[in-house]
$ cat coords_11.cif   # mmCIF, C-alpha atoms
data_final
loop_
_atom_site.label_atom_id
_atom_site.label_comp_id
_atom_site.auth_asym_id
_atom_site.auth_seq_id
_atom_site.Cartn_x
_atom_site.Cartn_y
_atom_site.Cartn_z
CA MET N 1 188.09 119.20 96.12
CA SER N 2 185.11 117.65 94.31
CA GLU N 3 181.50 118.38 95.16
CA LEU N 4 181.05 114.78 96.30
CA THR N 5 183.84 115.13 98.82
CA THR N 6 182.57 118.38 100.25
CA THR N 7 178.91 117.39 100.50
CA ARG N 8 179.28 113.93 102.06
CA PRO N 9 178.58 113.72 105.76
CA ALA N 10 181.39 112.57 108.02
CA GLY N 11 181.60 108.81 108.02
CA ALA N 12 179.87 108.37 104.66
CA ASP N 13 183.09 107.24 102.99
CA ASP N 14 183.66 104.67 105.74
CA LEU N 15 180.18 103.21 105.22
CA ILE N 16 180.63 103.12 101.46
CA GLU N 17 183.97 101.38 101.88
CA GLN N 18 182.61 98.87 104.41
CA VAL N 19 179.37 98.08 102.58
CA GLY N 20 179.67 99.17 98.97
CA ILE N 21 182.78 97.28 98.05
CA PRO N 22 182.14 93.90 99.73
CA GLY N 23 178.34 94.36 99.75
CA ASP N 24 178.03 93.03 103.30
CA LEU N 25 176.26 94.71 106.22
CA ALA N 26 177.06 92.00 108.78
CA ASN N 27 180.16 93.69 110.18
CA LEU N 28 178.51 97.05 110.78
CA THR N 29 177.51 98.13 114.25
CA ALA N 30 173.81 98.71 114.91
CA ARG N 31 174.41 102.47 114.65
CA GLN N 32 176.30 102.13 111.34
CA ARG N 33 173.61 99.81 109.96
CA ALA N 34 170.91 102.34 110.88
CA ALA N 35 172.94 105.16 109.29
CA TYR N 36 173.44 103.12 106.11
CA TYR N 37 169.73 102.27 105.96
CA ALA N 38 168.79 105.94 106.40
CA LYS N 39 171.30 107.01 103.70
CA VAL N 40 169.98 104.45 101.23
CA CYS N 41 166.41 105.60 101.85
CA SER N 42 167.40 109.26 101.57
CA SER N 43 169.30 108.69 98.32
CA LEU N 44 166.20 107.11 96.78
CA GLY N 45 163.66 109.46 98.36
CA LEU N 46 162.03 106.64 100.34
CA ASN N 47 160.41 106.97 103.75
CA PRO N 48 162.58 104.91 106.15
CA TYR N 49 159.76 104.73 108.72
CA SER N 50 157.64 102.64 106.32
CA ARG N 51 160.43 100.02 106.39
CA PRO N 52 161.01 99.78 102.62
CA PHE N 53 163.89 97.33 103.12
CA ASP N 54 164.63 94.34 105.30
CA TYR N 55 167.79 92.36 105.86
CA LEU N 56 168.70 89.04 104.29
CA SER N 57 171.56 86.64 104.97
CA ILE N 58 172.75 85.01 101.76
CA GLN N 59 176.00 83.14 101.10
CA GLY N 60 177.48 84.48 104.35
CA LYS N 61 176.65 88.13 103.58
CA GLN N 62 173.99 90.35 105.08
CA ILE N 63 172.27 92.54 102.48
CA LEU N 64 169.18 94.70 102.12
CA TYR N 65 166.29 93.57 99.97
CA ALA N 66 163.35 95.65 98.77
CA ARG N 67 159.95 95.16 100.35
CA LYS N 68 156.59 96.10 98.89
CA ASP N 69 156.88 99.55 100.44
CA ALA N 70 160.06 100.25 98.45
CA THR N 71 158.60 99.36 95.07
CA ASP N 72 155.30 101.13 95.77
CA GLN N 73 157.12 104.31 96.79
CA LEU N 74 159.51 104.12 93.82
CA ARG N 75 156.59 103.77 91.39
CA SER N 76 154.95 106.83 92.87
CA LEU N 77 158.09 108.97 93.18
CA ARG N 78 159.41 108.18 89.71
CA ARG N 79 155.97 108.05 88.08
CA VAL N 80 156.52 104.52 86.78
CA SER N 81 153.72 103.29 84.55
CA LEU N 82 153.13 99.53 84.45
CA VAL N 83 151.45 97.31 81.88
CA ILE N 84 151.10 93.53 81.98
CA VAL N 85 152.33 92.46 78.55
CA SER N 86 151.55 88.75 78.75
CA ARG N 87 150.38 85.90 80.94
CA GLU N 88 151.17 82.33 79.97
CA ILE N 89 151.69 78.84 81.32
CA VAL N 90 154.98 77.19 80.37
CA ASN N 91 155.64 73.66 81.70
CA ASP N 92 153.51 74.06 84.87
CA VAL N 93 154.94 77.52 85.51
CA TYR N 94 152.74 80.61 85.32
CA VAL N 95 154.75 83.44 83.74
CA VAL N 96 153.70 87.09 83.79
CA THR N 97 155.62 89.72 81.82
CA ALA N 98 155.33 93.33 82.97
CA ARG N 99 156.57 96.44 81.17
CA ALA N 100 157.46 99.60 83.05
CA THR N 101 157.76 103.01 81.45
CA LEU N 102 159.25 106.16 82.94
CA PRO N 103 158.07 109.66 81.98
CA ASP N 104 161.20 110.16 79.83
CA GLY N 105 160.14 107.16 77.71
CA ARG N 106 162.63 104.65 79.09
CA THR N 107 161.11 101.16 79.27
CA ASP N 108 162.06 97.82 80.73
CA GLU N 109 160.44 94.39 80.94
CA GLU N 110 160.71 91.67 83.56
CA ILE N 111 158.95 88.41 84.31
CA GLY N 112 157.44 86.94 87.42
CA ALA N 113 157.25 83.15 87.37
CA VAL N 114 155.62 80.78 89.86
CA ALA N 115 155.27 76.98 89.76
CA ILE N 116 151.59 76.01 89.62
CA GLY N 117 151.78 72.27 88.91
CA GLY N 118 149.26 70.46 91.12
CA LEU N 119 147.85 73.61 92.73
CA LYS N 120 144.08 74.05 93.04
CA GLY N 121 141.63 76.53 94.44
CA GLU N 122 143.02 79.20 96.75
CA LEU N 123 146.64 78.03 96.33
CA TYR N 124 146.31 78.29 92.55
CA ALA N 125 144.70 81.74 92.76
CA ASN N 126 147.42 82.97 95.11
CA ALA N 127 150.14 81.68 92.79
CA LEU N 128 148.65 83.62 89.86
CA MET N 129 148.57 86.82 91.91
CA LYS N 130 152.10 86.21 93.17
CA ALA N 131 153.47 85.93 89.62
CA SER N 132 151.91 89.31 88.73
CA THR N 133 153.27 90.88 91.89
CA LYS N 134 156.76 89.49 91.21
CA ALA N 135 156.75 90.83 87.65
CA LYS N 136 155.62 94.31 88.72
CA ARG N 137 158.10 94.61 91.58
CA ARG N 138 161.04 93.24 89.60
CA VAL N 139 160.41 95.58 86.66
CA THR N 140 160.00 98.55 88.99
CA LEU N 141 163.41 97.94 90.54
CA SER N 142 164.97 97.31 87.14
CA VAL N 143 163.58 100.39 85.37
CA CYS N 144 164.73 102.52 88.31
CA GLY N 145 168.25 101.15 87.83
CA LEU N 146 168.39 99.23 91.10
CA GLY N 147 169.82 95.75 91.42
CA TRP N 148 167.99 94.97 94.65
CA LEU N 149 166.30 91.68 95.35
CA ASP N 150 162.55 91.95 95.81
CA GLU N 151 160.91 90.24 98.78
CA THR N 152 158.99 87.88 96.46
CA GLU N 153 162.34 86.46 95.30
CA VAL N 154 163.78 85.79 98.75
CA GLU N 155 162.06 82.43 99.26
CA THR N 156 163.41 81.12 95.95
CA ILE N 157 167.07 81.55 96.91
CA PRO N 158 168.58 78.40 98.47
CA GLY N 159 170.04 79.11 101.89
CA ALA N 160 168.70 82.68 102.10
CA GLU N 161 167.31 83.66 105.49
CA ARG N 162 165.52 86.80 106.57
CA VAL N 163 167.43 88.54 109.35
CA GLU N 164 165.55 89.97 112.30
CA LEU N 165 167.71 92.65 113.86
CA ASP N 166 167.32 93.54 117.48
CA ASP N 167 168.42 97.09 116.76
CA PRO N 168 167.56 99.58 119.50
CA THR N 169 168.86 102.56 117.46
CA PRO N 170 165.90 104.38 115.90
CA ILE N 171 166.59 105.62 112.37
CA GLY N 172 165.85 109.19 113.40
CA GLN N 173 168.58 109.13 116.07
CA VAL N 174 171.58 108.26 113.91
CA GLY N 175 174.01 111.00 113.29
#

$ encode --input "coords_11.cif" --output "structure tokens"
Amino acid sequence: MSELTTTRPAGADDLIEQVGIPGDLANLTARQRAAYYAKVCSSLGLNPYSRPFDYLSIQGKQILYARKDATDQLRSLRRVSLVIVSREIVNDVYVVTARATLPDGRTDEEIGAVAIGGLKGELYANALMKASTKAKRRVTLSVCGLGWLDETEVETIPGAERVELDDPTPIGQVG
């Protein structure tokens, strides 16, 4: 018997089969969803009580996406160093490129892009900040080897809707 088989809690294989293969949380019970959420957080070393993930409905599937809390905690836990490599305007789009470096020397780069055509004042300033935030969060997830969507990307996906769960099962009471 492999170490994976002997160390997995009962029901872990069921969750992996139900979620991992199709990538859809919609058919899980509230208790299973809470258990899955807790397992994901535990596997990454994230504090589930800070709500690092939220749920998103996209193309008929319910998935987790990473919130600010997830990327902030990942940067701290994995000692990710960030540098803004460039800022430029390309065809009314403000593009920020961020580079992330891990302590072992592994690096990755990602962009954050926001349309700024016609924006002025506070809206323009917020768009510039948003592009930087997008770049930093996207590169954090990427350098950590995670294919999660970041919350700054959710609004750019046609048909995507945030899912508010009325889940009475506290994370600490799954088992």

$ residues_around --input "coords_11.cif" --residues "stretch 135-142 of chain N" --least-positions-apart "4" --cutoff "9 Å" --atoms "only C-alpha atoms" --output "PyMOL selection string"
chain N and resi 66-68+70-72+74-75+80+82-84+95-100+108-113+130-131+146-153

$ atom_distance --input "coords_11.cif" --atom1 "atom CA of N:Val114" --atom2 "atom CA of N:Phe53"
22.8 Å

$ atom_distance --input "coords_11.cif" --atom1 "atom CA of N:Leu102" --atom2 "atom CA of N:Val85"
16.0 Å

$ closest_residue --input "coords_11.cif" --among "N:Asp92, N:Glu164, N:Glu122, N:Glu155" --to "N:Lys134" --atoms "only C-alpha atoms"
N:Glu155

$ atom_distance --input "coords_11.cif" --atom1 "atom CA of N:Gly117" --atom2 "atom CA of N:Val154"
20.6 Å

$ resolve_selection --input "coords_11.cif" --expression "the PyMOL selection byres ((chain N and resi 58) around 12)" --output "list in words"
Gly23, Asp24, Leu25, Ala26, Tyr55, Leu56, Ser57, Gln59, Gly60, Lys61, Gln62, Ile63, Leu64, Tyr65, Leu149, Val154, Glu155, Thr156, Ile157, Pro158, Gly159, Ala160, Glu161, Arg162 and Val163 of chain N

$ closest_residue --input "coords_11.cif" --among "N:Cys144, N:Val93, N:Gly105, N:Ser43" --to "N:Tyr124" --atoms "only C-alpha atoms"
N:Val93

$ closest_residue --input "coords_11.cif" --among "N:Leu77, N:Leu123, N:Ala34, N:Leu28" --to "N:Leu46" --atoms "all atoms listed in the file"
N:Leu77

$ residues_near_point --input "coords_11.cif" --point "(165.5, 106.4, 103.7)" --cutoff "12 Å" --atoms "all atoms listed in the file" --output "list in words"
Ala34, Ala35, Tyr36, Tyr37, Ala38, Lys39, Val40, Cys41, Ser42, Ser43, Leu44, Gly45, Leu46, Asn47, Pro48, Tyr49, Ser50, Arg51, Pro52, Phe53, Asp69, Ala70, Gln73, Leu74, Ile171 and Gly172 of chain N
